[in-house]
file start_11.tsv (TSV, C-alpha atoms)
chain	number	residue	atom	x	y	z
A	858	MET	CA	0.00	0.00	0.00
A	859	ARG	CA	2.88	2.33	0.84
A	860	MET	CA	4.31	1.82	-2.68
A	861	LEU	CA	1.03	2.98	-4.22
A	862	ARG	CA	0.98	6.24	-2.24
A	863	LEU	CA	4.32	7.49	-3.62
A	864	PRO	CA	3.22	7.58	-7.31
A	865	LEU	CA	-0.09	9.17	-6.31
A	866	LEU	CA	1.71	11.82	-4.27
A	867	PHE	CA	4.07	12.47	-7.21
A	868	CYS	CA	1.12	12.92	-9.57
A	869	ALA	CA	-0.65	15.25	-7.17
A	870	LEU	CA	2.43	17.45	-6.68
A	871	PHE	CA	3.67	17.70	-10.24
A	872	LEU	CA	0.77	17.10	-12.58
A	873	LEU	CA	-1.92	19.09	-10.77
A	874	PRO	CA	-0.34	22.53	-11.48
A	875	VAL	CA	-0.08	21.65	-15.18
A	876	ALA	CA	-3.70	20.55	-15.29
A	877	CYS	CA	-4.83	23.83	-13.67
A	878	LYS	CA	-3.46	26.07	-16.44
A	879	PRO	CA	-6.15	27.17	-18.88
A	880	PRO	CA	-5.78	26.17	-22.52
A	881	ALA	CA	-4.94	28.68	-25.22
A	882	ALA	CA	-7.93	30.77	-26.19
A	883	ASP	CA	-8.99	32.66	-29.30
A	884	ASP	CA	-9.36	35.88	-27.32
A	885	TYR	CA	-5.81	35.75	-25.93
A	886	VAL	CA	-4.60	38.60	-28.16
A	887	ALA	CA	-7.59	40.74	-27.17
A	888	ARG	CA	-6.94	40.10	-23.46
A	889	VAL	CA	-3.16	40.49	-23.44
A	890	GLY	CA	-2.46	42.63	-26.51
A	891	ILE	CA	0.46	42.48	-28.92
A	892	GLU	CA	2.94	45.20	-29.69
A	893	ARG	CA	2.01	46.78	-33.00
A	894	ARG	CA	4.60	47.59	-35.60
A	895	GLU	CA	4.54	49.58	-38.76
A	896	ALA	CA	4.22	47.67	-42.00
A	897	PRO	CA	7.11	47.71	-44.46
A	898	SER	CA	7.12	50.28	-47.24
A	899	GLU	CA	5.27	49.54	-50.45
A	900	PRO	CA	7.43	47.58	-52.94
A	901	ILE	CA	8.90	49.55	-55.81
A	902	ASP	CA	8.68	48.63	-59.47
A	903	SER	CA	11.61	47.01	-61.21
A	904	PRO	CA	13.59	49.63	-63.12
A	905	ASN	CA	13.90	49.62	-66.90
A	906	THR	CA	17.53	48.73	-67.63
A	907	GLU	CA	17.50	48.98	-71.41
A	908	GLY	CA	20.76	50.76	-72.28
A	909	ALA	CA	22.21	50.40	-68.75
A	910	ILE	CA	25.94	49.64	-68.53
A	911	TRP	CA	28.69	49.02	-65.98
A	912	ALA	CA	31.24	51.83	-65.67
A	913	ARG	CA	34.48	52.12	-63.66
A	914	SER	CA	34.41	54.53	-60.74
A	915	GLY	CA	36.60	55.30	-57.74
A	916	GLY	CA	40.03	54.52	-59.15
A	917	GLY	CA	39.20	51.16	-60.71
A	918	SER	CA	38.23	49.31	-57.52
A	919	ARG	CA	34.54	50.16	-57.95
A	920	ILE	CA	32.03	49.83	-60.78
A	921	ILE	CA	28.55	51.28	-60.99
A	922	TYR	CA	25.59	50.10	-63.06
A	923	GLY	CA	22.94	52.27	-64.64
A	924	LYS	CA	21.95	54.33	-67.64
A	925	PRO	CA	24.51	57.01	-68.57
A	926	GLY	CA	23.54	60.35	-67.03
A	927	GLU	CA	20.97	58.83	-64.65
A	928	ARG	CA	21.01	57.66	-61.04
A	929	PRO	CA	22.98	54.40	-60.61
A	930	LEU	CA	21.06	51.22	-59.83
A	931	MET	CA	23.83	49.04	-58.40
A	932	ALA	CA	27.51	49.16	-57.50
A	933	LEU	CA	30.26	46.61	-56.85
A	934	ALA	CA	33.53	47.43	-55.13
A	935	CYS	CA	36.64	45.59	-53.99
A	936	GLU	CA	37.48	46.60	-50.41
A	937	MET	CA	39.76	45.42	-47.63
A	938	ARG	CA	38.02	44.51	-44.37
A	939	ASP	CA	39.97	43.14	-41.42
A	940	GLY	CA	42.93	42.53	-43.74
A	941	ALA	CA	40.92	40.45	-46.22
A	942	PRO	CA	39.51	41.44	-49.63
A	943	VAL	CA	35.73	41.54	-49.90
A	944	VAL	CA	33.32	42.45	-52.66
A	945	ALA	CA	30.91	45.12	-51.45
A	946	TYR	CA	27.60	45.44	-53.27
A	947	THR	CA	25.03	48.21	-53.15
A	948	ARG	CA	21.49	48.31	-54.49
A	949	PHE	CA	20.53	51.98	-54.82
A	950	ALA	CA	16.90	51.66	-53.76
A	951	ARG	CA	15.23	53.03	-50.67
A	952	ALA	CA	15.08	50.57	-47.79
A	953	ASP	CA	13.27	50.61	-44.47
A	954	ALA	CA	15.48	51.55	-41.53
A	955	HIS	CA	17.39	48.57	-40.08
A	956	ALA	CA	15.80	46.13	-42.58
A	957	LYS	CA	17.56	42.91	-43.56
A	958	ALA	CA	17.02	40.91	-46.73
A	959	ILE	CA	18.58	38.58	-49.28
A	960	LEU	CA	19.96	39.74	-52.63
A	961	ALA	CA	19.18	36.97	-55.12
A	962	LEU	CA	21.46	36.75	-58.16
A	963	ILE	CA	20.35	34.54	-61.04
A	964	GLY	CA	22.53	34.20	-64.10
A	965	ASN	CA	25.49	32.56	-65.78
A	966	SER	CA	24.18	29.12	-64.73
A	967	HIS	CA	24.33	30.12	-61.05
A	968	VAL	CA	21.89	31.14	-58.34
A	969	ALA	CA	23.30	33.03	-55.36
A	970	ARG	CA	21.75	34.41	-52.21
A	971	LEU	CA	23.73	37.16	-50.49
A	972	LYS	CA	22.86	38.90	-47.23
A	973	ILE	CA	22.03	42.56	-47.69
A	974	ASP	CA	21.12	45.10	-45.01
A	975	ALA	CA	19.67	48.57	-44.96
A	976	GLU	CA	22.36	51.16	-44.16
A	977	ARG	CA	22.00	54.87	-43.74
A	978	SER	CA	23.33	56.95	-46.62
A	979	GLY	CA	22.78	60.60	-45.82
A	980	GLU	CA	19.07	61.09	-45.17
A	981	VAL	CA	17.92	57.76	-46.64
A	982	TRP	CA	18.50	54.05	-46.12
A	983	ILE	CA	19.79	51.93	-49.01
A	984	TRP	CA	20.73	48.26	-49.42
A	985	LYS	CA	24.37	47.24	-48.84
A	986	GLY	CA	26.30	44.06	-48.18
A	987	THR	CA	29.70	42.38	-48.46
A	988	VAL	CA	30.97	38.90	-49.19
A	989	PRO	CA	34.53	37.51	-49.11
A	990	ALA	CA	36.18	37.87	-52.51
A	991	GLU	CA	36.80	34.12	-52.80
A	992	SER	CA	33.11	33.25	-52.18
A	993	PRO	CA	31.67	30.92	-54.83
A	994	GLU	CA	28.42	32.92	-54.57
A	995	LEU	CA	30.06	35.58	-56.77
A	996	GLU	CA	30.24	33.20	-59.74
A	997	ALA	CA	26.79	34.41	-60.81
A	998	LEU	CA	28.43	37.76	-61.64
A	999	THR	CA	31.53	36.48	-63.45
A	1000	GLY	CA	30.08	35.13	-66.69
A	1001	PRO	CA	29.20	36.83	-69.97
A	1002	ARG	CA	25.40	36.52	-69.69
A	1003	GLN	CA	22.56	38.65	-68.35
A	1004	ILE	CA	21.97	38.53	-64.57
A	1005	GLU	CA	18.86	39.26	-62.54
A	1006	ALA	CA	19.48	40.86	-59.14
A	1007	THR	CA	16.46	40.95	-56.82
A	1008	VAL	CA	15.95	42.44	-53.36
A	1009	PRO	CA	12.45	41.85	-51.95
A	1010	GLY	CA	10.53	45.12	-52.09
A	1011	ALA	CA	13.22	46.82	-54.19
A	1012	GLY	CA	12.37	45.16	-57.49
A	1013	SER	CA	14.56	43.20	-59.88
A	1014	VAL	CA	17.43	44.80	-61.74
A	1015	ILE	CA	18.41	43.14	-65.00
A	1016	LEU	CA	22.19	43.42	-65.32
A	1017	ASN	CA	23.02	43.50	-69.02
A	1018	PRO	CA	25.91	41.30	-70.19
A	1019	SER	CA	29.33	42.78	-69.38
A	1020	ALA	CA	32.85	41.63	-68.56
A	1021	GLU	CA	33.24	44.38	-65.91
A	1022	PRO	CA	31.81	42.52	-62.87
A	1023	GLY	CA	33.94	39.43	-63.60
A	1024	ALA	CA	37.07	41.57	-64.06
A	1025	LEU	CA	36.48	43.38	-60.74
A	1026	ILE	CA	35.91	40.10	-58.89
A	1027	ALA	CA	39.04	38.55	-60.45
A	1028	GLN	CA	41.05	41.64	-59.45
A	1029	CYS	CA	39.71	41.38	-55.90
A	1030	ARG	CA	40.39	37.64	-55.70
A	1031	SER	CA	44.00	38.23	-56.75
A	1032	LEU	CA	44.42	40.17	-53.50
A	1033	VAL	CA	43.64	36.98	-51.56
A	1034	GLY	CA	46.83	35.38	-52.91
A	1035	GLU	CA	48.86	38.53	-52.25
A	1036	ARG	CA	47.58	38.67	-48.68
A	1037	ALA	CA	48.53	35.00	-48.12
A	1038	GLU	CA	52.05	35.59	-49.52
A	1039	THR	CA	52.51	38.73	-47.40
A	1040	SER	CA	51.35	37.02	-44.20
A	1041	SER	CA	53.63	34.02	-44.79
A	1042	GLU	CA	56.57	36.38	-45.38
A	1043	GLU	CA	55.78	38.18	-42.12
A	1044	GLU	CA	55.50	34.91	-40.19
A	1045	PHE	CA	58.59	33.30	-41.78
A	1046	PRO	CA	60.93	36.12	-42.91
A	1047	GLU	CA	63.75	33.69	-43.67
A	1048	ALA	CA	61.59	31.94	-46.28
A	1049	ALA	CA	61.19	35.21	-48.18
A	1050	GLU	CA	64.95	35.65	-48.56
call {"tool": "encode", "arguments": {"input": "start_11.tsv", "output": "structure tokens"}}
result
Amino acid sequence: MRMLRLPLLFCALFLLPVACKPPAADDYVARVGIERREAPSEPIDSPNTEGAIWARSGGGSRIIYGKPGERPLMALACEMRDGAPVVAYTRFARADAHAKAILALIGNSHVARLKIDAERSGEVWIWKGTVPAESPELEALTGPRQIEATVPGAGSVILNPSAEPGALIAQCRSLVGERAETSSEEEFPEAAE
């Protein structure tokens, strides 16, 4: 009989509080409330890119894409971050403050998904991101065919065929090898002699 009391006592102590909690209810939100947030901005239309081209800017380590004489649509740049070369990309379209998204690149037999965040640029927020220069995700930009670049809410930009993005990425990737040689020379100076 004593053995039977122990399981009953256990059930009474531990299962009773669980059984006393009310189940979820449809009016929970009305009773408790939920913090409201503003909805994202309305999506913009995809720009017309007929006649748009890539052009060198900023001393050769940056290229911009757009129609000559008009506002640029995208930019690619080779930059050094924490001692490593990265490809920085910008989609010149208004973004919501602190928003995060994925830049989808489709072209040259590749599909890539790159992180892109809203960053303040003067009075507005635009889309920017970086990826290591040796990332295979960049292969979508290195071929000779048309590429579609899409940011949700910012439309799709058709990137007309050009060798410029591939040349910039190759130039940036060459810095990876230079960085490796330089660091090995610093670590083993006798090997460099």
call {"tool": "residues_near_point", "arguments": {"input": "start_11.tsv", "point": "(22.7, 42.5, -70.6)", "cutoff": "9 Å", "atoms": "all atoms listed in the file", "output": "ChimeraX atom specification"}}
result
/A:906-910,1001-1004,1015-1019
call {"tool": "residues_around", "arguments": {"input": "start_11.tsv", "residues": "Gly915 in chain A", "least_positions_apart": "2", "cutoff": "12 Å", "atoms": "all atoms listed in the file", "output": "PyMOL selection string"}}
result
chain A and resi 912-913+917-921+932-936
call {"tool": "residues_around", "arguments": {"input": "start_11.tsv", "residues": "range 1007-1013 of chain A", "least_positions_apart": "6", "cutoff": "10 Å", "atoms": "all atoms listed in the file", "output": "list of chain:residue names"}}
result
A:Pro897, A:Ser898, A:Glu899, A:Pro900, A:Ile901, A:Asp902, A:Ser903, A:Pro904, A:Asn905, A:Thr906, A:Arg948, A:Phe949, A:Ala950, A:Arg951, A:Ala952, A:Asp953, A:Lys957, A:Ala958, A:Ile959, A:Leu960, A:Ala961, A:Leu962, A:Ile963, A:Arg970, A:Leu971, A:Lys972, A:Ile973, A:Ile983, A:Trp984
call {"tool": "atom_distance", "arguments": {"input": "start_11.tsv", "atom1": "CA of Val1033 in chain A", "atom2": "CA of Val988 in chain A"}}
result
13.0 Å
call {"tool": "atom_distance", "arguments": {"input": "start_11.tsv", "atom1": "CA of Leu930 in chain A", "atom2": "CA of Pro993 in chain A"}}
result
23.4 Å
call {"tool": "closest_residue", "arguments": {"input": "start_11.tsv", "among": "A:Val968, A:Ala956, A:Pro929, A:Asp939", "to": "Glu1005 in chain A", "atoms": "all atoms listed in the file"}}
result
A:Val968
call {"tool": "atom_distance", "arguments": {"input": "start_11.tsv", "atom1": "CA of Ala1027 in chain A", "atom2": "CA of Met931 in chain A"}}
result
18.6 Å
call {"tool": "closest_residue", "arguments": {"input": "start_11.tsv", "among": "A:Pro989, A:Gly1023, A:Gly979, A:Gly923", "to": "Ala941 in chain A", "atoms": "all atoms listed in the file"}}
result
A:Pro989
call {"tool": "closest_residue", "arguments": {"input": "start_11.tsv", "among": "A:Leu995, A:Leu1025, A:Ala945, A:Met937", "to": "Ser966 in chain A", "atoms": "all atoms listed in the file"}}
result
A:Leu995
